[in-house]
Amino acid sequence: MKQIDGIPFNINTYILGRITLRGKNIFNRKDEILVKTDVKNISSGYAATITNHKINSESKYCIVDDNKFNEFNEGDVVLINNKGEIIFLYETKSLHNAIFATERCNHRCIMCPQPPVVQEEDKTQFNLKLISLIDKQAQELGITGGEPTLIGDKLFELIKQIQKYQPKAGISLLSNGVKFADKSYAMKLAMCKHHDIQIDVPIFSDIAEIHNRIVGANTFYKTVQGLYNLAIFHLRIGLRIVVHKLTYQRLPQLADYIYHNFPFVSQVAFLQMETTGYANTNLDNLWIDPYDYNEELKQAVLLLSNRGICTRIYNAQLCVLPIEIREYAVCSISDWKDSYLPECNECLLRNQCGGLFESNQKHHSKYIKPILEDNKANACVE
Ligand code: SF4
């Protein structure tokens, strides 16, 4: 998440609030954080103020550098902690906002970019408050983790809160699917009757042992059962496959397996690996230059797409992909993690290419090079 480091004054615990640059009338300030330079006195009623200089006041405020003020937008939701860290939990200008239901997980994926914690305080009340502060016009919200289903039925409270406060928003629920092997749990999700929810489930192989080795748990058949239960209740399902040294060789077989066993899925996405967290720790076992799995990726993508299954490629660089499958690439990297190389500046596809993870600056394909000739086959989906 995007973060700005400031200097806190009178902030002893955390403050969760919505950013206002315009200011609010006195009756509507308690959840707002005023962002304003050169204030003389702190206006009363705000949850906190973010400014650029020290003020003689006992109110809660935080100083940030002048050059940081353009990072704030009206309606962003931030958490300010007692160290003065301003963490952006919702950004109005981002298409990749998500609620972190929990940092716990029942898998230990070998390439997990965000290693789970073993214990934590329940975040549900915090998240319910967070959702209540998010823009009512939001079009898309993710629910992620950790593994969101580990909070049990509280997950449905989050979904209902989104229905209440962001009635137009679609939800992408990122889950390993294991919990949905319990049919009654899948039914409860269906009973939420959300108008636009997709459950995105990772699957890494058509062979149970390989999948289990990657996720660090014997759960392949539970995930499979979970997918069938979600399908029984007509819930929309996406499948996700992170491509690395342990998955790339069987991509065509996995695609075939998906086609024959899960023809009901709405989308299959192939993801280039983010080299942070466990992926970085286990890099020697996982890293393969994305260029070197192009043949397997192409076969898998075309196999699914030619059979009518919506197929996407996430986190890939257009110049590394074969032309035949560039049209499946989506600009999918969250804004705060997204980056480009200096050579991208002269690339004709700079505006259509999703770039690469900031954390992949050290480990990226050596075949990244600017595309200097226009080619109609190059379009990125979003
Ligand atoms: S050179 Fe950069 S912008 Fe161009 S396609 Fe490659 S990664 Fe994308």
# chains A, B, ... in the order shown; residues from 1 in each chain; ligands from 1

call {"tool": "closest_atom_pairs", "arguments": {"of": "region 73-111 of chain A", "to": "region 130-140 of chain A", "cutoff": "12 Å", "atoms": "only C-alpha atoms", "output": "JSON lines"}}
result
{"residue": "A:Asn73", "atom": "CA", "partner": "A:Asp135", "partner_atom": "CA", "distance": 11.8}
{"residue": "A:Glu74", "atom": "CA", "partner": "A:Asp135", "partner_atom": "CA", "distance": 9.8}
{"residue": "A:Gly75", "atom": "CA", "partner": "A:Asp135", "partner_atom": "CA", "distance": 6.4}
{"residue": "A:Asp76", "atom": "CA", "partner": "A:Ile134", "partner_atom": "CA", "distance": 7.6}
{"residue": "A:Val77", "atom": "CA", "partner": "A:Ile134", "partner_atom": "CA", "distance": 6.7}
{"residue": "A:Val78", "atom": "CA", "partner": "A:Leu130", "partner_atom": "CA", "distance": 9.0}
{"residue": "A:Leu79", "atom": "CA", "partner": "A:Leu130", "partner_atom": "CA", "distance": 9.5}
{"residue": "A:Phe88", "atom": "CA", "partner": "A:Leu130", "partner_atom": "CA", "distance": 11.2}
{"residue": "A:Leu89", "atom": "CA", "partner": "A:Leu130", "partner_atom": "CA", "distance": 8.1}
{"residue": "A:Tyr90", "atom": "CA", "partner": "A:Ile134", "partner_atom": "CA", "distance": 7.0}
{"residue": "A:Glu91", "atom": "CA", "partner": "A:Ile134", "partner_atom": "CA", "distance": 8.9}
{"residue": "A:Thr92", "atom": "CA", "partner": "A:Asp135", "partner_atom": "CA", "distance": 7.4}
{"residue": "A:Lys93", "atom": "CA", "partner": "A:Ala138", "partner_atom": "CA", "distance": 10.1}
{"residue": "A:Ser94", "atom": "CA", "partner": "A:Glu140", "partner_atom": "CA", "distance": 9.7}
{"residue": "A:Leu95", "atom": "CA", "partner": "A:Glu140", "partner_atom": "CA", "distance": 7.0}
{"residue": "A:His96", "atom": "CA", "partner": "A:Glu140", "partner_atom": "CA", "distance": 7.7}
{"residue": "A:Asn97", "atom": "CA", "partner": "A:Glu140", "partner_atom": "CA", "distance": 7.4}
{"residue": "A:Ala98", "atom": "CA", "partner": "A:Glu140", "partner_atom": "CA", "distance": 8.7}
{"residue": "A:Ile99", "atom": "CA", "partner": "A:Ile131", "partner_atom": "CA", "distance": 8.1}
{"residue": "A:Phe100", "atom": "CA", "partner": "A:Leu130", "partner_atom": "CA", "distance": 10.5}
{"residue": "A:Ala101", "atom": "CA", "partner": "A:Leu130", "partner_atom": "CA", "distance": 11.3}

call {"tool": "residues_near_ligand", "arguments": {"ligand": "ligand 1", "cutoff": "9 Å", "atoms": "only C-alpha atoms and all ligand atoms", "output": "ChimeraX atom specification"}}
result
/A:316-321,340-356,367-372,378

call {"tool": "write_last_selection", "arguments": {"atoms": "C-alpha atoms", "output": "mmCIF file, in the first residue's frame"}}
result
data_model
loop_
_atom_site.group_PDB
_atom_site.id
_atom_site.type_symbol
_atom_site.label_atom_id
_atom_site.label_comp_id
_atom_site.auth_asym_id
_atom_site.auth_seq_id
_atom_site.Cartn_x
_atom_site.Cartn_y
_atom_site.Cartn_z
ATOM 1 C CA ALA A 316 3.473 -9.299 -18.057
ATOM 2 C CA GLN A 317 5.495 -6.925 -20.220
ATOM 3 C CA LEU A 318 4.175 -6.650 -23.780
ATOM 4 C CA CYS A 319 7.648 -6.725 -25.334
ATOM 5 C CA VAL A 320 8.383 -10.091 -23.692
ATOM 6 C CA LEU A 321 5.143 -11.772 -24.800
ATOM 7 C CA TYR A 340 8.952 0.737 -15.712
ATOM 8 C CA LEU A 341 12.553 0.533 -16.813
ATOM 9 C CA PRO A 342 14.380 3.557 -18.265
ATOM 10 C CA GLU A 343 14.245 1.934 -21.721
ATOM 11 C CA CYS A 344 10.426 1.903 -21.518
ATOM 12 C CA ASN A 345 10.416 5.673 -22.087
ATOM 13 C CA GLU A 346 11.048 5.274 -25.807
ATOM 14 C CA CYS A 347 8.604 2.383 -26.213
ATOM 15 C CA LEU A 348 5.575 2.952 -28.421
ATOM 16 C CA LEU A 349 3.495 0.718 -26.157
ATOM 17 C CA ARG A 350 4.412 2.455 -22.905
ATOM 18 C CA ASN A 351 0.812 3.573 -22.344
ATOM 19 C CA GLN A 352 -0.673 0.159 -23.082
ATOM 20 C CA CYS A 353 1.867 -1.922 -21.203
ATOM 21 C CA GLY A 354 1.358 -2.782 -17.539
ATOM 22 C CA GLY A 355 5.085 -2.499 -16.807
ATOM 23 C CA LEU A 356 6.544 -4.544 -13.980
ATOM 24 C CA TYR A 367 14.337 -9.595 -23.054
ATOM 25 C CA ILE A 368 12.603 -6.344 -22.078
ATOM 26 C CA LYS A 369 13.316 -3.869 -24.831
ATOM 27 C CA PRO A 370 11.317 -0.989 -26.270
ATOM 28 C CA ILE A 371 8.939 -1.656 -29.119
ATOM 29 C CA LEU A 372 9.747 0.945 -31.749
ATOM 30 C CA ASN A 378 -0.028 -5.152 -29.379
#

call {"tool": "select_by_dssp", "arguments": {"residues": "region 215-253 of chain A", "states": "strand (DSSP E)", "output": "PyMOL selection string"}}
result
chain A and resi 236-243

call {"tool": "write_last_selection", "arguments": {"atoms": "C-alpha atoms", "output": "short mmCIF file (atom, residue, chain, number, x, y, z; two decimals), in the first residue's frame"}}
result
data_model
loop_
_atom_site.label_atom_id
_atom_site.label_comp_id
_atom_site.auth_asym_id
_atom_site.auth_seq_id
_atom_site.Cartn_x
_atom_site.Cartn_y
_atom_site.Cartn_z
CA ARG A 236 -18.80 -16.48 -10.69
CA ILE A 237 -15.35 -18.02 -10.54
CA GLY A 238 -11.98 -16.92 -11.87
CA LEU A 239 -8.90 -19.14 -11.78
CA ARG A 240 -5.38 -17.82 -11.28
CA ILE A 241 -2.12 -19.49 -12.16
CA VAL A 242 1.17 -17.94 -11.07
CA VAL A 243 3.84 -18.97 -13.56
#

call {"tool": "atom_distance", "arguments": {"atom1": "CA of Ala48 (chain A)", "atom2": "CA of Glu32 (chain A)"}}
result
7.3 Å

call {"tool": "select_by_dssp", "arguments": {"residues": "region 254-312 of chain A", "states": "helix (DSSP H, G or I)", "output": "PyMOL selection string"}}
result
chain A and resi 254-261+278-281+283-286+290-306

call {"tool": "residues_around", "arguments": {"residues": "Asn280 (chain A)", "least_positions_apart": "4", "cutoff": "10 Å", "atoms": "only C-alpha atoms", "output": "PyMOL selection string"}}
result
chain A and resi 110-113+274-276+284-287+359-360+363

call {"tool": "atom_distance", "arguments": {"atom1": "CA of Leu246 (chain A)", "atom2": "CA of Ala217 (chain A)"}}
result
15.7 Å

call {"tool": "atom_distance", "arguments": {"atom1": "CA of Thr51 (chain A)", "atom2": "CA of Pro8 (chain A)"}}
result
10.5 Å

call {"tool": "closest_residue", "arguments": {"among": "A:Ile323, A:Leu283, A:Ile63, A:Val265", "to": "Ile309 (chain A)", "atoms": "only C-alpha atoms"}}
result
A:Val265

call {"tool": "closest_residue", "arguments": {"among": "A:Leu128, A:Val330, A:Leu302, A:Val178", "to": "Lys154 (chain A)", "atoms": "only C-alpha atoms"}}
result
A:Leu128

call {"tool": "residues_around", "arguments": {"residues": "Asn12 (chain A)", "least_positions_apart": "2", "cutoff": "10 Å", "atoms": "only C-alpha atoms", "output": "PyMOL selection string"}}
result
chain A and resi 8-10+14-15+60+81-84

call {"tool": "write_last_selection", "arguments": {"atoms": "N, CA and C atoms", "output": "CSV table (one decimal), in the first residue's frame"}}
result
chain,number,residue,atom,x,y,z
A,8,PRO,N,4.3,12.9,13.6
A,8,PRO,CA,3.0,13.0,14.3
A,8,PRO,C,3.1,13.9,15.5
A,9,PHE,N,2.0,14.6,15.8
A,9,PHE,CA,1.8,15.4,17.0
A,9,PHE,C,0.5,15.0,17.7
A,10,ASN,N,0.6,14.6,18.9
A,10,ASN,CA,-0.6,14.3,19.7
A,10,ASN,C,-1.4,13.1,19.2
A,14,TYR,N,-3.9,4.9,16.5
A,14,TYR,CA,-4.1,5.1,15.1
A,14,TYR,C,-5.4,6.0,14.8
A,15,ILE,N,-5.4,6.7,13.7
A,15,ILE,CA,-6.5,7.4,13.3
A,15,ILE,C,-6.9,6.9,11.9
A,60,LYS,N,-4.7,16.7,17.1
A,60,LYS,CA,-3.9,15.7,16.4
A,60,LYS,C,-3.6,16.2,15.0
A,81,ASN,N,-0.7,6.4,12.0
A,81,ASN,CA,-0.3,5.7,13.2
A,81,ASN,C,0.5,6.6,14.1
A,82,ASN,N,0.9,6.2,15.3
A,82,ASN,CA,1.6,7.0,16.2
A,82,ASN,C,3.1,7.3,15.8
A,83,LYS,N,3.5,6.6,14.7
A,83,LYS,CA,4.9,6.8,14.2
A,83,LYS,C,4.8,7.9,13.1
A,84,GLY,N,3.6,8.3,12.7
A,84,GLY,CA,3.4,9.3,11.7
A,84,GLY,C,3.4,8.7,10.3

call {"tool": "closest_residue", "arguments": {"among": "A:Lys179, A:Arg326, A:Lys337, A:His234", "to": "Gln198 (chain A)", "atoms": "only C-alpha atoms"}}
result
A:His234

call {"tool": "residues_around", "arguments": {"residues": "Glu157 (chain A)", "least_positions_apart": "5", "cutoff": "12 Å", "atoms": "only C-alpha atoms", "output": "list in words"}}
result
Ala101, Lys123, Thr124, Gln125, Asn127, Leu128, Lys129, Ile131, Ile143, Pro148, Thr149, Ile151, Gly152, Ile162, Gln163, Lys164, Lys188, Leu189, Met191, Cys192 and His194 of chain A

call {"tool": "closest_residue", "arguments": {"among": "A:Tyr228, A:Phe270, A:Glu147, A:Phe264", "to": "Ile203 (chain A)", "atoms": "only C-alpha atoms"}}
result
A:Phe270
